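Printed here is model-v9.pdb (PDB, C-alpha atoms, pLDDT in the B column):
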ATOM      1  CA  HIS A   1      41.816  10.140  -7.537  1.00 29.00           C
ATOM      2  CA  PHE A   2      45.495   9.980  -6.726  1.00 34.00           C
ATOM      3  CA  ASP A   3      47.628  10.070  -3.612  1.00 43.00           C
ATOM      4  CA  PHE A   4      49.166  13.485  -3.085  1.00 41.00           C
ATOM      5  CA  PRO A   5      52.952  13.547  -2.696  1.00 48.00           C
ATOM      6  CA  THR A   6      54.449  13.928   0.749  1.00 48.00           C
ATOM      7  CA  SER A   7      58.064  14.420  -0.315  1.00 53.00           C
ATOM      8  CA  ASP A   8      59.971  17.701  -0.123  1.00 54.00           C
ATOM      9  CA  LYS A   9      60.911  17.290  -3.802  1.00 58.00           C
ATOM     10  CA  PRO A  10      58.667  17.708  -6.853  1.00 55.00           C
ATOM     11  CA  GLY A  11      57.980  14.850  -9.197  1.00 48.00           C
ATOM     12  CA  VAL A  12      57.577  12.160  -6.553  1.00 42.00           C
ATOM     13  CA  PRO A  13      55.421   9.167  -7.520  1.00 35.00           C
ATOM     14  CA  CYS A  14      51.662   9.366  -7.370  1.00 39.00           C
ATOM     15  CA  ALA A  15      49.010   6.986  -8.634  1.00 33.00           C
ATOM     16  CA  GLY A  16      45.834   7.038 -10.689  1.00 35.00           C
ATOM     17  CA  ALA A  17      45.212  10.228 -12.669  1.00 38.00           C
ATOM     18  CA  CYS A  18      48.875  11.259 -12.536  1.00 44.00           C
ATOM     19  CA  ASP A  19      50.116   8.228 -14.426  1.00 45.00           C
ATOM     20  CA  LYS A  20      49.545   9.060 -18.083  1.00 49.00           C
ATOM     21  CA  ALA A  21      51.470   7.220 -20.754  1.00 48.00           C
ATOM     22  CA  ASP A  22      51.846  10.368 -22.867  1.00 59.00           C
ATOM     23  CA  ASP A  23      52.844  12.624 -19.963  1.00 76.00           C
ATOM     24  CA  ASP A  24      56.540  12.332 -20.723  1.00 81.00           C
ATOM     25  CA  TRP A  25      57.787  15.936 -20.691  1.00 90.00           C
ATOM     26  CA  TYR A  26      60.346  16.908 -18.059  1.00 94.00           C
ATOM     27  CA  VAL A  27      57.575  18.589 -16.072  1.00 95.00           C
ATOM     28  CA  THR A  28      54.664  16.214 -15.515  1.00 94.00           C
ATOM     29  CA  GLU A  29      51.365  16.087 -13.700  1.00 93.00           C
ATOM     30  CA  LYS A  30      53.261  14.680 -10.736  1.00 93.00           C
ATOM     31  CA  ASP A  31      54.920  18.084 -10.404  1.00 94.00           C
ATOM     32  CA  LEU A  32      51.547  19.803 -10.705  1.00 95.00           C
ATOM     33  CA  ALA A  33      50.207  17.550  -7.940  1.00 94.00           C
ATOM     34  CA  PHE A  34      53.222  18.406  -5.785  1.00 93.00           C
ATOM     35  CA  PHE A  35      52.367  22.107  -6.073  1.00 95.00           C
ATOM     36  CA  GLN A  36      48.655  21.629  -5.528  1.00 94.00           C
ATOM     37  CA  TYR A  37      49.393  19.754  -2.319  1.00 92.00           C
ATOM     38  CA  HIS A  38      52.240  21.829  -0.881  1.00 91.00           C
ATOM     39  CA  GLY A  39      51.549  25.234  -2.463  1.00 92.00           C
ATOM     40  CA  GLU A  40      47.818  25.622  -3.019  1.00 91.00           C
ATOM     41  CA  GLY A  41      46.838  23.335  -0.191  1.00 84.00           C
ATOM     42  CA  GLU A  42      48.083  22.963   3.340  1.00 78.00           C
ATOM     43  CA  GLY A  43      49.773  19.637   2.729  1.00 74.00           C
ATOM     44  CA  GLY A  44      51.817  18.518   5.675  1.00 77.00           C
ATOM     45  CA  LEU A  45      55.372  17.293   5.377  1.00 84.00           C
ATOM     46  CA  GLN A  46      56.846  15.081   8.074  1.00 85.00           C
ATOM     47  CA  GLY A  47      59.922  16.668   9.598  1.00 87.00           C
ATOM     48  CA  ALA A  48      59.259  20.149   8.183  1.00 89.00           C
ATOM     49  CA  GLY A  49      58.769  23.191  10.375  1.00 91.00           C
ATOM     50  CA  PRO A  50      55.563  25.248  10.434  1.00 92.00           C
ATOM     51  CA  TRP A  51      54.925  28.046   7.959  1.00 93.00           C
ATOM     52  CA  GLU A  52      56.132  31.331   9.468  1.00 95.00           C
ATOM     53  CA  VAL A  53      54.869  34.729   8.340  1.00 96.00           C
ATOM     54  CA  MET A  54      57.585  36.849   6.745  1.00 96.00           C
ATOM     55  CA  MET A  55      55.499  39.738   5.430  1.00 96.00           C
ATOM     56  CA  ASP A  56      51.897  40.872   5.216  1.00 97.00           C
ATOM     57  CA  LYS A  57      51.643  44.165   3.380  1.00 96.00           C
ATOM     58  CA  GLU A  58      49.042  46.076   1.417  1.00 95.00           C
ATOM     59  CA  VAL A  59      49.393  49.219  -0.667  1.00 95.00           C
ATOM     60  CA  PRO A  60      45.798  50.136  -1.574  1.00 92.00           C
ATOM     61  CA  ASN A  61      45.089  50.125  -5.320  1.00 91.00           C
ATOM     62  CA  GLN A  62      48.595  48.816  -6.045  1.00 93.00           C
ATOM     63  CA  LEU A  63      49.504  45.591  -4.253  1.00 94.00           C
ATOM     64  CA  ARG A  64      48.599  43.053  -1.606  1.00 96.00           C
ATOM     65  CA  TYR A  65      51.435  40.706  -0.633  1.00 97.00           C
ATOM     66  CA  GLN A  66      51.728  37.921   1.934  1.00 97.00           C
ATOM     67  CA  ALA A  67      54.797  35.707   2.331  1.00 97.00           C
ATOM     68  CA  TRP A  68      55.700  32.700   4.468  1.00 96.00           C
ATOM     69  CA  ARG A  69      58.677  30.400   4.889  1.00 94.00           C
ATOM     70  CA  ARG A  70      59.283  27.001   6.432  1.00 93.00           C
ATOM     71  CA  VAL A  71      62.300  24.829   7.118  1.00 92.00           C
ATOM     72  CA  LEU A  72      62.317  21.569   5.164  1.00 91.00           C
ATOM     73  CA  PRO A  73      63.468  18.275   6.689  1.00 90.00           C
ATOM     74  CA  ASN A  74      66.902  18.784   5.082  1.00 88.00           C
ATOM     75  CA  GLY A  75      67.329  22.128   6.859  1.00 89.00           C
ATOM     76  CA  LYS A  76      66.810  24.226   3.732  1.00 90.00           C
ATOM     77  CA  THR A  77      64.106  26.860   3.337  1.00 92.00           C
ATOM     78  CA  GLU A  78      60.950  26.831   1.224  1.00 93.00           C
ATOM     79  CA  TYR A  79      58.968  30.001   0.505  1.00 94.00           C
ATOM     80  CA  LYS A  80      55.329  30.660  -0.307  1.00 96.00           C
ATOM     81  CA  SER A  81      53.602  33.911  -1.231  1.00 97.00           C
ATOM     82  CA  VAL A  82      50.221  35.234  -2.335  1.00 97.00           C
ATOM     83  CA  THR A  83      50.255  38.412  -4.420  1.00 97.00           C
ATOM     84  CA  THR A  84      47.284  40.403  -5.710  1.00 97.00           C
ATOM     85  CA  CYS A  85      47.853  43.067  -8.386  1.00 95.00           C
ATOM     86  CA  PRO A  86      45.206  45.280 -10.025  1.00 96.00           C
ATOM     87  CA  ASP A  87      44.579  45.924 -13.708  1.00 95.00           C
ATOM     88  CA  ALA A  88      45.890  42.573 -14.955  1.00 94.00           C
ATOM     89  CA  THR A  89      44.549  39.131 -15.759  1.00 96.00           C
ATOM     90  CA  ALA A  90      45.918  35.665 -15.103  1.00 96.00           C
ATOM     91  CA  GLU A  91      46.602  35.278 -18.830  1.00 95.00           C
ATOM     92  CA  GLU A  92      48.662  38.480 -18.919  1.00 95.00           C
ATOM     93  CA  PHE A  93      50.637  37.468 -15.840  1.00 93.00           C
ATOM     94  CA  THR A  94      51.376  34.044 -17.309  1.00 93.00           C
ATOM     95  CA  ASP A  95      52.567  35.563 -20.586  1.00 93.00           C
ATOM     96  CA  LEU A  96      54.838  37.905 -18.633  1.00 92.00           C
ATOM     97  CA  TYR A  97      56.467  35.108 -16.651  1.00 91.00           C
ATOM     98  CA  PHE A  98      57.033  32.905 -19.705  1.00 92.00           C
ATOM     99  CA  ASP A  99      58.557  35.693 -21.833  1.00 92.00           C
ATOM    100  CA  ASP A 100      62.321  35.181 -21.497  1.00 89.00           C
ATOM    101  CA  SER A 101      63.222  38.025 -23.842  1.00 89.00           C
ATOM    102  CA  PHE A 102      61.337  40.530 -21.675  1.00 91.00           C
ATOM    103  CA  ARG A 103      62.321  39.116 -18.289  1.00 89.00           C
ATOM    104  CA  PRO A 104      65.630  41.016 -17.970  1.00 89.00           C
ATOM    105  CA  VAL A 105      63.610  44.251 -18.196  1.00 91.00           C
ATOM    106  CA  TRP A 106      61.906  43.606 -14.842  1.00 90.00           C
ATOM    107  CA  ASP A 107      64.274  41.027 -13.284  1.00 89.00           C
ATOM    108  CA  ALA A 108      67.581  42.864 -13.040  1.00 89.00           C
ATOM    109  CA  MET A 109      69.457  39.788 -11.805  1.00 89.00           C
ATOM    110  CA  ILE A 110      69.001  37.926 -15.109  1.00 91.00           C
ATOM    111  CA  ASN A 111      72.010  38.843 -17.232  1.00 88.00           C
ATOM    112  CA  ALA A 112      71.850  36.018 -19.787  1.00 89.00           C
ATOM    113  CA  TYR A 113      69.307  33.503 -21.036  1.00 91.00           C
ATOM    114  CA  SER A 114      68.879  30.965 -23.804  1.00 92.00           C
ATOM    115  CA  ILE A 115      66.265  28.410 -24.820  1.00 93.00           C
ATOM    116  CA  ALA A 116      67.822  24.953 -24.938  1.00 93.00           C
ATOM    117  CA  GLU A 117      64.800  22.879 -25.947  1.00 94.00           C
ATOM    118  CA  THR A 118      61.125  23.304 -26.736  1.00 94.00           C
ATOM    119  CA  GLY A 119      58.113  21.013 -26.668  1.00 93.00           C
ATOM    120  CA  ASP A 120      54.370  21.574 -27.055  1.00 93.00           C
ATOM    121  CA  PHE A 121      53.869  25.321 -27.495  1.00 92.00           C
ATOM    122  CA  ASP A 122      50.270  25.221 -26.232  1.00 92.00           C
ATOM    123  CA  GLN A 123      51.652  23.954 -22.920  1.00 94.00           C
ATOM    124  CA  ARG A 124      54.626  26.370 -23.089  1.00 94.00           C
ATOM    125  CA  GLN A 125      56.979  23.427 -22.713  1.00 95.00           C
ATOM    126  CA  ALA A 126      60.572  24.618 -22.748  1.00 95.00           C
ATOM    127  CA  VAL A 127      63.981  24.070 -21.211  1.00 95.00           C
ATOM    128  CA  VAL A 128      65.658  27.407 -20.547  1.00 94.00           C
ATOM    129  CA  ARG A 129      69.049  28.380 -19.248  1.00 93.00           C
ATOM    130  CA  TRP A 130      69.468  31.477 -17.094  1.00 92.00           C
ATOM    131  CA  THR A 131      72.489  33.172 -15.585  1.00 91.00           C
ATOM    132  CA  ARG A 132      71.726  35.346 -12.570  1.00 89.00           C
ATOM    133  CA  LYS A 133      74.073  37.921 -11.083  1.00 88.00           C
ATOM    134  CA  PHE A 134      73.473  38.649  -7.409  1.00 83.00           C
ATOM    135  CA  PRO A 135      74.059  42.073  -5.850  1.00 78.00           C
ATOM    136  CA  PHE A 136      76.275  40.645  -3.104  1.00 76.00           C
ATOM    137  CA  SER A 137      80.052  40.288  -3.069  1.00 72.00           C
ATOM    138  CA  PHE A 138      79.963  36.913  -1.292  1.00 75.00           C
ATOM    139  CA  ILE A 139      78.047  35.061  -4.025  1.00 80.00           C
ATOM    140  CA  ASN A 140      79.146  34.421  -7.604  1.00 84.00           C
ATOM    141  CA  SER A 141      76.782  34.294 -10.536  1.00 87.00           C
ATOM    142  CA  ARG A 142      74.469  31.279 -10.594  1.00 89.00           C
ATOM    143  CA  GLN A 143      73.391  29.224 -13.565  1.00 91.00           C
ATOM    144  CA  TYR A 144      69.956  27.603 -13.827  1.00 91.00           C
ATOM    145  CA  THR A 145      68.783  25.009 -16.313  1.00 94.00           C
ATOM    146  CA  ILE A 146      65.016  24.918 -15.895  1.00 94.00           C
ATOM    147  CA  ALA A 147      62.169  22.925 -17.415  1.00 96.00           C
ATOM    148  CA  ARG A 148      58.754  24.519 -17.417  1.00 96.00           C
ATOM    149  CA  ARG A 149      55.204  23.816 -18.440  1.00 96.00           C
ATOM    150  CA  PHE A 150      51.802  25.484 -18.409  1.00 95.00           C
ATOM    151  CA  PHE A 151      48.617  23.838 -17.113  1.00 96.00           C
ATOM    152  CA  ARG A 152      45.032  25.120 -17.112  1.00 95.00           C
ATOM    153  CA  ASP A 153      42.294  23.963 -14.755  1.00 94.00           C
ATOM    154  CA  GLY A 154      39.139  26.036 -15.176  1.00 94.00           C
ATOM    155  CA  ASP A 155      40.013  29.597 -14.216  1.00 94.00           C
ATOM    156  CA  LYS A 156      43.364  28.567 -12.727  1.00 96.00           C
ATOM    157  CA  LEU A 157      46.531  28.968 -14.793  1.00 96.00           C
ATOM    158  CA  TYR A 158      49.576  27.079 -13.510  1.00 97.00           C
ATOM    159  CA  GLY A 159      53.231  27.665 -14.258  1.00 96.00           C
ATOM    160  CA  ILE A 160      55.372  24.752 -13.066  1.00 97.00           C
ATOM    161  CA  THR A 161      59.167  24.992 -13.299  1.00 96.00           C
ATOM    162  CA  LYS A 162      61.971  22.895 -11.861  1.00 95.00           C
ATOM    163  CA  GLY A 163      65.720  22.460 -12.228  1.00 94.00           C
ATOM    164  CA  LEU A 164      67.228  19.975 -14.689  1.00 92.00           C
ATOM    165  CA  PRO A 165      70.825  19.482 -13.515  1.00 89.00           C
ATOM    166  CA  GLU A 166      71.307  16.435 -15.771  1.00 88.00           C
ATOM    167  CA  HIS A 167      70.253  18.183 -19.003  1.00 90.00           C
ATOM    168  CA  PRO A 168      73.047  18.675 -21.583  1.00 88.00           C
ATOM    169  CA  ALA A 169      72.452  22.435 -21.448  1.00 86.00           C
ATOM    170  CA  SER A 170      73.458  22.509 -17.794  1.00 83.00           C
ATOM    171  CA  ALA A 171      77.198  22.322 -18.565  1.00 78.00           C
ATOM    172  CA  ASN A 172      78.947  24.900 -16.392  1.00 73.00           C
ATOM    173  CA  ASP A 173      80.341  28.183 -17.589  1.00 69.00           C
ATOM    174  CA  THR A 174      83.688  29.108 -16.045  1.00 69.00           C
ATOM    175  CA  GLY A 175      83.225  30.937 -12.764  1.00 73.00           C
ATOM    176  CA  VAL A 176      79.491  30.266 -12.620  1.00 85.00           C
ATOM    177  CA  VAL A 177      77.957  27.929 -10.028  1.00 87.00           C
ATOM    178  CA  SER A 178      75.112  25.648 -11.133  1.00 88.00           C
ATOM    179  CA  VAL A 179      71.962  25.584  -9.020  1.00 90.00           C
ATOM    180  CA  ASP A 180      70.967  21.932  -8.971  1.00 88.00           C
ATOM    181  CA  GLN A 181      68.016  22.033  -6.547  1.00 91.00           C
ATOM    182  CA  PHE A 182      65.346  24.448  -7.774  1.00 94.00           C
ATOM    183  CA  TYR A 183      61.601  24.671  -8.196  1.00 95.00           C
ATOM    184  CA  SER A 184      59.335  27.640  -8.641  1.00 96.00           C
ATOM    185  CA  MET A 185      55.635  26.962  -9.139  1.00 96.00           C
ATOM    186  CA  TRP A 186      52.611  29.213  -9.195  1.00 97.00           C
ATOM    187  CA  VAL A 187      48.914  29.425  -9.923  1.00 97.00           C
ATOM    188  CA  SER A 188      47.187  32.604 -11.093  1.00 97.00           C
ATOM    189  CA  ARG A 189      43.498  33.496 -11.161  1.00 97.00           C
ATOM    190  CA  THR A 190      41.710  36.548 -12.441  1.00 97.00           C
ATOM    191  CA  VAL A 191      39.711  37.963  -9.512  1.00 96.00           C
ATOM    192  CA  ASP A 192      37.616  41.012  -8.698  1.00 95.00           C
ATOM    193  CA  CYS A 193      39.699  43.995  -7.707  1.00 93.00           C
ATOM    194  CA  PRO A 194      39.874  43.990  -3.884  1.00 92.00           C
ATOM    195  CA  TRP A 195      39.888  47.793  -3.899  1.00 94.00           C
ATOM    196  CA  GLY A 196      36.614  48.108  -5.792  1.00 91.00           C
ATOM    197  CA  SER A 197      37.863  49.525  -9.089  1.00 91.00           C
ATOM    198  CA  GLY A 198      35.518  47.350 -11.113  1.00 91.00           C
ATOM    199  CA  ARG A 199      38.477  46.216 -13.218  1.00 93.00           C
ATOM    200  CA  PRO A 200      40.115  42.781 -13.059  1.00 95.00           C
ATOM    201  CA  ALA A 201      42.979  41.865 -10.773  1.00 96.00           C
ATOM    202  CA  VAL A 202      45.282  38.863 -10.696  1.00 97.00           C
ATOM    203  CA  GLN A 203      46.009  36.764  -7.603  1.00 97.00           C
ATOM    204  CA  THR A 204      49.051  34.507  -7.708  1.00 97.00           C
ATOM    205  CA  THR A 205      50.157  31.865  -5.217  1.00 97.00           C
ATOM    206  CA  LEU A 206      53.851  30.969  -5.528  1.00 97.00           C
ATOM    207  CA  LEU A 207      55.902  28.131  -4.036  1.00 96.00           C
ATOM    208  CA  HIS A 208      59.678  28.513  -4.367  1.00 95.00           C
ATOM    209  CA  HIS A 209      62.826  26.693  -3.302  1.00 94.00           C
ATOM    210  CA  GLU A 210      66.430  26.779  -4.453  1.00 92.00           C
ATOM    211  CA  GLN A 211      69.768  25.822  -3.013  1.00 88.00           C
ATOM    212  CA  LEU A 212      72.423  28.433  -3.776  1.00 82.00           C
ATOM    213  CA  LYS A 213      75.253  26.400  -2.237  1.00 77.00           C
ATOM    214  CA  ILE A 214      75.969  28.967   0.458  1.00 70.00           C
ATOM    215  CA  PRO A 215      75.307  28.800   4.211  1.00 64.00           C
ATOM    216  CA  GLU A 216      71.565  28.708   4.848  1.00 66.00           C
ATOM    217  CA  ASN A 217      71.653  31.787   7.099  1.00 63.00           C
ATOM    218  CA  LEU A 218      72.897  33.772   4.078  1.00 63.00           C
ATOM    219  CA  ALA A 219      70.545  32.251   1.527  1.00 58.00           C
TER     220      ALA A 219
END

Can the structure from this file be put into structure tokens for me?
Amino acid sequence: HFDFPTSDKPGVPCAGACDKADDDWYVTEKDLAFFQYHGEGEGGLQGAGPWEVMMDKEVPNQLRYQAWRRVLPNGKTEYKSVTTCPDATAEEFTDLYFDDSFRPVWDAMINAYSIAETGDFDQRQAVVRWTRKFPFSFINSRQYTIARRFFRDGDKLYGITKGLPEHPASANDTGVVSVDQFYSMWVSRTVDCPWGSGRPAVQTTLLHHEQLKIPENLA
């Protein structure tokens, strides 16, 4: 047993099962617990607003998507979504999201990436550096230095990522703004196809927050 975090930032202290002497990667089980409480669960956060529905859409045989947002105590916005896609498994989805070389194919805003550091491959431990170009004239390119790690719990596959603004790889490129506050965390499960195809589908719950250093009404 451990006490779930109640902070609006990942990696806050917890006790018991979270405190492992060998859990010394940038992303730890404290970050996993943060997601399980705030993302998977309905963990409350003092001073935060309620979750508000942004979208609830279904395209039969193609996609089911639900999205929410809430205002954090610091006035910034946190997002949560649940997506169900047919003809894919949780393992395939996880491989897709951890494949940096393929990401620019489906994420058009990624225009540069590099791997700054690696750890245990079985846990997909890595520190990556992304540069994202936004399709808006009022925002310059943003640079992200992100630590990530994979966790498995039964049929649940977790991808936990968070910003590392103090990492040596986070040194700024000229004209690029560093995103210091960032986390993007998800859990995927292989489920029965909700449209009755008899083939597998993947359901993913995502929790996301970043501060782009622009007015919140534009972010």

Provide the CA of Asn172 (chain A) to CA of Leu72 (chain A) distance in Å, to one decimal place. 27.4 Å

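For the file shown, the residue list from the PyMOL selection byres ((chain A and resi 98) around 10) reads Phe93, Thr94, Asp95, Leu96, Tyr97, Asp99, Asp100, Ser101, Phe102, Arg103, Arg124, Gln125, Ala126, Arg148, Arg149, Phe150 and Gly159 of chain A.
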
I need the output of the PyMOL selection byres ((chain A and resi 49) around 9) for this file as number ranges by chain; which residues are they? A: 45-48, 50-52, 70-73

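Among A:Leu212, A:Leu206, A:Pro194, A:Gln36, the residue with the shortest atom-to-atom distance to Arg69 (chain A), counting only C-alpha atoms, is A:Leu206.
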
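With all atoms listed in the file as the atoms that count, the minimum distance from His167 (chain A) to the choices A:Val202, A:Leu207, A:Ala108, A:Ala116 is reached by A:Ala116.
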
In terms of the shortest atom-to-atom distance over only C-alpha atoms, which of A:Ile160, A:Glu42, A:Gln181, A:Ile214 is closest to Lys30 (chain A)? A:Ile160

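Put simply, the PyMOL selection byres ((chain A and resi 134) around 12) on this file hits Asp107, Ala108, Met109, Ile110, Asn111, Thr131, Arg132, Lys133, Pro135, Phe136, Ser137, Phe138, Ile139, Asn140, Ser141, Arg142, Gln143, Val176, Val177, Leu212 and Ala219 of chain A.
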
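Take CA of Gln62 (chain A) and CA of Thr84 (chain A): the distance between them is 8.5 Å.
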
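The interatomic distance for the pair CA of Phe121 (chain A) and CA of Phe34 (chain A) works out to 22.8 Å.
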
Can you sort out the box for region 176-192 of chain A, edges along x, y and z, all listed atoms in, 3 Å on every side, with centre and edge lengths in Å to one decimal, as lines of an AutoDock Vina configuration file?
center_x = 58.6
center_y = 31.5
center_z = -9.6
size_x = 47.9
size_y = 25.1
size_z = 12.1

Of the candidates A:Asp120, A:Glu78, A:Tyr26, A:Pro200, which shows the shortest atom-to-atom distance to Pro165 (chain A), using all atoms listed in the file? A:Tyr26

Counting all atoms listed in the file, the option among A:Gly198, A:Val179, A:Arg189, A:Gly43 closest to Asp153 (chain A): A:Arg189

Coords for region 66-77 of chain A, N, CA, C and O atoms, as a compact mmCIF listing (two decimals), in the first residue's frame:
# COMPACT_ATOMS: atom_id res chain seq x y z
N GLN A 66 -13.20 10.31 -26.43
CA GLN A 66 -13.76 11.19 -25.40
C GLN A 66 -12.62 12.01 -24.82
O GLN A 66 -11.52 11.49 -24.57
N ALA A 67 -12.86 13.29 -24.59
CA ALA A 67 -11.81 14.17 -24.07
C ALA A 67 -12.39 15.12 -23.03
O ALA A 67 -13.53 15.58 -23.15
N TRP A 68 -11.57 15.38 -22.00
CA TRP A 68 -11.94 16.29 -20.92
C TRP A 68 -10.78 17.24 -20.64
O TRP A 68 -9.63 16.97 -21.03
N ARG A 69 -11.07 18.32 -19.95
CA ARG A 69 -10.03 19.22 -19.47
C ARG A 69 -10.42 19.75 -18.10
O ARG A 69 -11.60 19.78 -17.74
N ARG A 70 -9.40 20.16 -17.33
CA ARG A 70 -9.67 20.81 -16.06
C ARG A 70 -8.58 21.85 -15.81
O ARG A 70 -7.46 21.74 -16.32
N VAL A 71 -8.94 22.85 -15.02
CA VAL A 71 -8.00 23.90 -14.66
C VAL A 71 -7.29 23.50 -13.37
O VAL A 71 -7.95 23.19 -12.37
N LEU A 72 -5.97 23.49 -13.40
CA LEU A 72 -5.17 23.14 -12.24
C LEU A 72 -5.10 24.32 -11.27
O LEU A 72 -5.45 25.45 -11.63
N PRO A 73 -4.66 24.09 -10.04
CA PRO A 73 -4.59 25.18 -9.07
C PRO A 73 -3.74 26.36 -9.54
O PRO A 73 -3.96 27.49 -9.10
N ASN A 74 -2.77 26.12 -10.43
CA ASN A 74 -1.93 27.21 -10.92
C ASN A 74 -2.54 27.95 -12.11
O ASN A 74 -1.89 28.82 -12.71
N GLY A 75 -3.77 27.58 -12.49
CA GLY A 75 -4.44 28.24 -13.59
C GLY A 75 -4.18 27.64 -14.95
O GLY A 75 -4.80 28.04 -15.95
N LYS A 76 -3.29 26.66 -15.03
CA LYS A 76 -2.99 26.00 -16.29
C LYS A 76 -3.97 24.84 -16.51
O LYS A 76 -4.72 24.45 -15.62
N THR A 77 -3.93 24.28 -17.72
CA THR A 77 -4.93 23.29 -18.11
C THR A 77 -4.31 21.90 -18.23
O THR A 77 -3.22 21.74 -18.77
